[in-house]
Amino acid sequence: MKDIIPQKKACAISKGVFPPPGVIKSIRGLEEAKHIPGIAEIFVLRKVGKRVGPYDTERNRPAYIIAHGADDRSLERPSKG
């Protein structure tokens, strides 16, 4: 049962990205965002030219971000360093 004993204390969160409904004209700032401390991963699920919205379920999100930190307070708003 050693496997289920926590080895680290840390937190993570996944947040959907919901731009205004319409057609995606461009996607900018990904490389900069990936370098913000606490950002673990950014997933872009829709490409330029694709329509987004309406957002009736979380499944319709065009992108989401996974962030991590030492505790839940550190996840309130990632710092730009």
# chains A, B, ... in the order shown; residues from 1 in each chain; ligands from 1
>>> residues_around(residues="segment 2-17 of chain A", least_positions_apart="5", cutoff="10 Å", atoms="only C-alpha atoms", output="number ranges by chain")
A: 38-44, 58-76
>>> write_last_selection(atoms="C-alpha atoms", output="CSV table (one decimal), in the first residue's frame")
chain,number,residue,atom,x,y,z
A,38,GLY,CA,2.8,27.6,-12.9
A,39,ILE,CA,1.5,26.8,-16.4
A,40,ALA,CA,1.9,23.1,-17.0
A,41,GLU,CA,0.2,22.7,-20.4
A,42,ILE,CA,-2.1,24.5,-22.9
A,43,PHE,CA,-4.3,22.5,-25.1
A,44,VAL,CA,-5.8,24.2,-28.2
A,58,GLU,CA,-17.5,22.1,-20.9
A,59,ARG,CA,-16.9,19.8,-23.9
A,60,ASN,CA,-17.4,22.7,-26.3
A,61,ARG,CA,-14.4,24.6,-24.9
A,62,PRO,CA,-11.9,25.5,-27.7
A,63,ALA,CA,-8.9,25.4,-25.4
A,64,TYR,CA,-7.9,24.7,-21.8
A,65,ILE,CA,-5.0,25.3,-19.5
A,66,ILE,CA,-3.5,23.1,-16.8
A,67,ALA,CA,-1.7,25.0,-14.1
A,68,HIS,CA,0.1,23.7,-11.0
A,69,GLY,CA,1.4,25.1,-7.8
A,70,ALA,CA,2.4,24.4,-4.2
A,71,ASP,CA,-1.1,25.0,-2.9
A,72,ASP,CA,-4.5,26.2,-4.0
A,73,ARG,CA,-3.6,29.9,-3.2
A,74,SER,CA,-0.8,29.7,-5.7
A,75,LEU,CA,-3.3,28.7,-8.4
A,76,GLU,CA,-5.6,31.7,-8.0
>>> select_by_dssp(residues="segment 9-80 of chain A", states="strand (DSSP E or B)", output="VMD selection string")
chain A and resid 11 to 17 22 to 23 39 to 44 51 to 52 63 to 69
>>> write_last_selection(atoms="C-alpha atoms", output="short mmCIF file (atom, residue, chain, number, x, y, z; two decimals), in the first residue's frame")
data_model
loop_
_atom_site.label_atom_id
_atom_site.label_comp_id
_atom_site.auth_asym_id
_atom_site.auth_seq_id
_atom_site.Cartn_x
_atom_site.Cartn_y
_atom_site.Cartn_z
CA CYS A 11 -2.21 21.31 -6.43
CA ALA A 12 -3.31 21.48 -10.05
CA ILE A 13 -6.26 22.99 -11.85
CA SER A 14 -7.75 22.81 -15.34
CA LYS A 15 -9.50 25.89 -16.72
CA GLY A 16 -11.45 26.13 -19.95
CA VAL A 17 -10.86 29.06 -22.31
CA GLY A 22 -17.75 33.24 -33.59
CA VAL A 23 -15.02 32.19 -36.01
CA ILE A 39 1.45 26.82 -16.44
CA ALA A 40 1.92 23.09 -17.03
CA GLU A 41 0.16 22.69 -20.37
CA ILE A 42 -2.07 24.50 -22.86
CA PHE A 43 -4.35 22.49 -25.11
CA VAL A 44 -5.83 24.20 -28.19
CA ARG A 51 -16.44 28.30 -35.25
CA VAL A 52 -16.66 28.38 -31.44
CA ALA A 63 -8.92 25.41 -25.36
CA TYR A 64 -7.94 24.71 -21.80
CA ILE A 65 -5.02 25.32 -19.52
CA ILE A 66 -3.55 23.12 -16.79
CA ALA A 67 -1.68 24.96 -14.05
CA HIS A 68 0.12 23.66 -10.98
CA GLY A 69 1.42 25.09 -7.75
#
>>> residues_around(residues="Ser26 of chain A", least_positions_apart="5", cutoff="12 Å", atoms="only C-alpha atoms", output="number ranges by chain")
A: 19, 44, 46-51
>>> write_last_selection(atoms="N, CA and C atoms", output="PDB file, in the first residue's frame")
ATOM      1  N   PRO A  19     -13.521  32.091 -25.532  1.00  0.00           N
ATOM      2  CA  PRO A  19     -13.575  33.387 -26.211  1.00  0.00           C
ATOM      3  C   PRO A  19     -15.004  33.675 -26.673  1.00  0.00           C
ATOM      4  N   VAL A  44      -4.974  23.468 -27.253  1.00  0.00           N
ATOM      5  CA  VAL A  44      -5.826  24.197 -28.189  1.00  0.00           C
ATOM      6  C   VAL A  44      -6.555  23.141 -29.013  1.00  0.00           C
ATOM      7  N   ARG A  46      -9.339  23.788 -31.122  1.00  0.00           N
ATOM      8  CA  ARG A  46      -9.936  24.298 -32.356  1.00  0.00           C
ATOM      9  C   ARG A  46      -8.882  25.096 -33.118  1.00  0.00           C
ATOM     10  N   LYS A  47      -8.942  25.039 -34.432  1.00  0.00           N
ATOM     11  CA  LYS A  47      -7.978  25.727 -35.279  1.00  0.00           C
ATOM     12  C   LYS A  47      -8.563  27.020 -35.839  1.00  0.00           C
ATOM     13  N   VAL A  48      -7.674  27.867 -36.359  1.00  0.00           N
ATOM     14  CA  VAL A  48      -8.091  29.091 -37.025  1.00  0.00           C
ATOM     15  C   VAL A  48      -9.083  28.720 -38.127  1.00  0.00           C
ATOM     16  N   GLY A  49     -10.156  29.504 -38.213  1.00  0.00           N
ATOM     17  CA  GLY A  49     -11.186  29.256 -39.222  1.00  0.00           C
ATOM     18  C   GLY A  49     -12.365  28.455 -38.691  1.00  0.00           C
ATOM     19  N   LYS A  50     -12.195  27.829 -37.528  1.00  0.00           N
ATOM     20  CA  LYS A  50     -13.282  27.037 -36.932  1.00  0.00           C
ATOM     21  C   LYS A  50     -14.196  27.934 -36.108  1.00  0.00           C
ATOM     22  N   ARG A  51     -15.449  27.559 -36.041  1.00  0.00           N
ATOM     23  CA  ARG A  51     -16.441  28.297 -35.252  1.00  0.00           C
ATOM     24  C   ARG A  51     -16.414  27.792 -33.817  1.00  0.00           C
TER      25      ARG A  51
END
>>> select_by_dssp(residues="chain A", states="alpha helix (DSSP H)", output="ChimeraX atom specification")
/A:30-34
>>> closest_residue(among="A:Phe18, A:Leu30, A:Lys25, A:Ile36", to="Asp56 of chain A", atoms="only C-alpha atoms")
A:Phe18
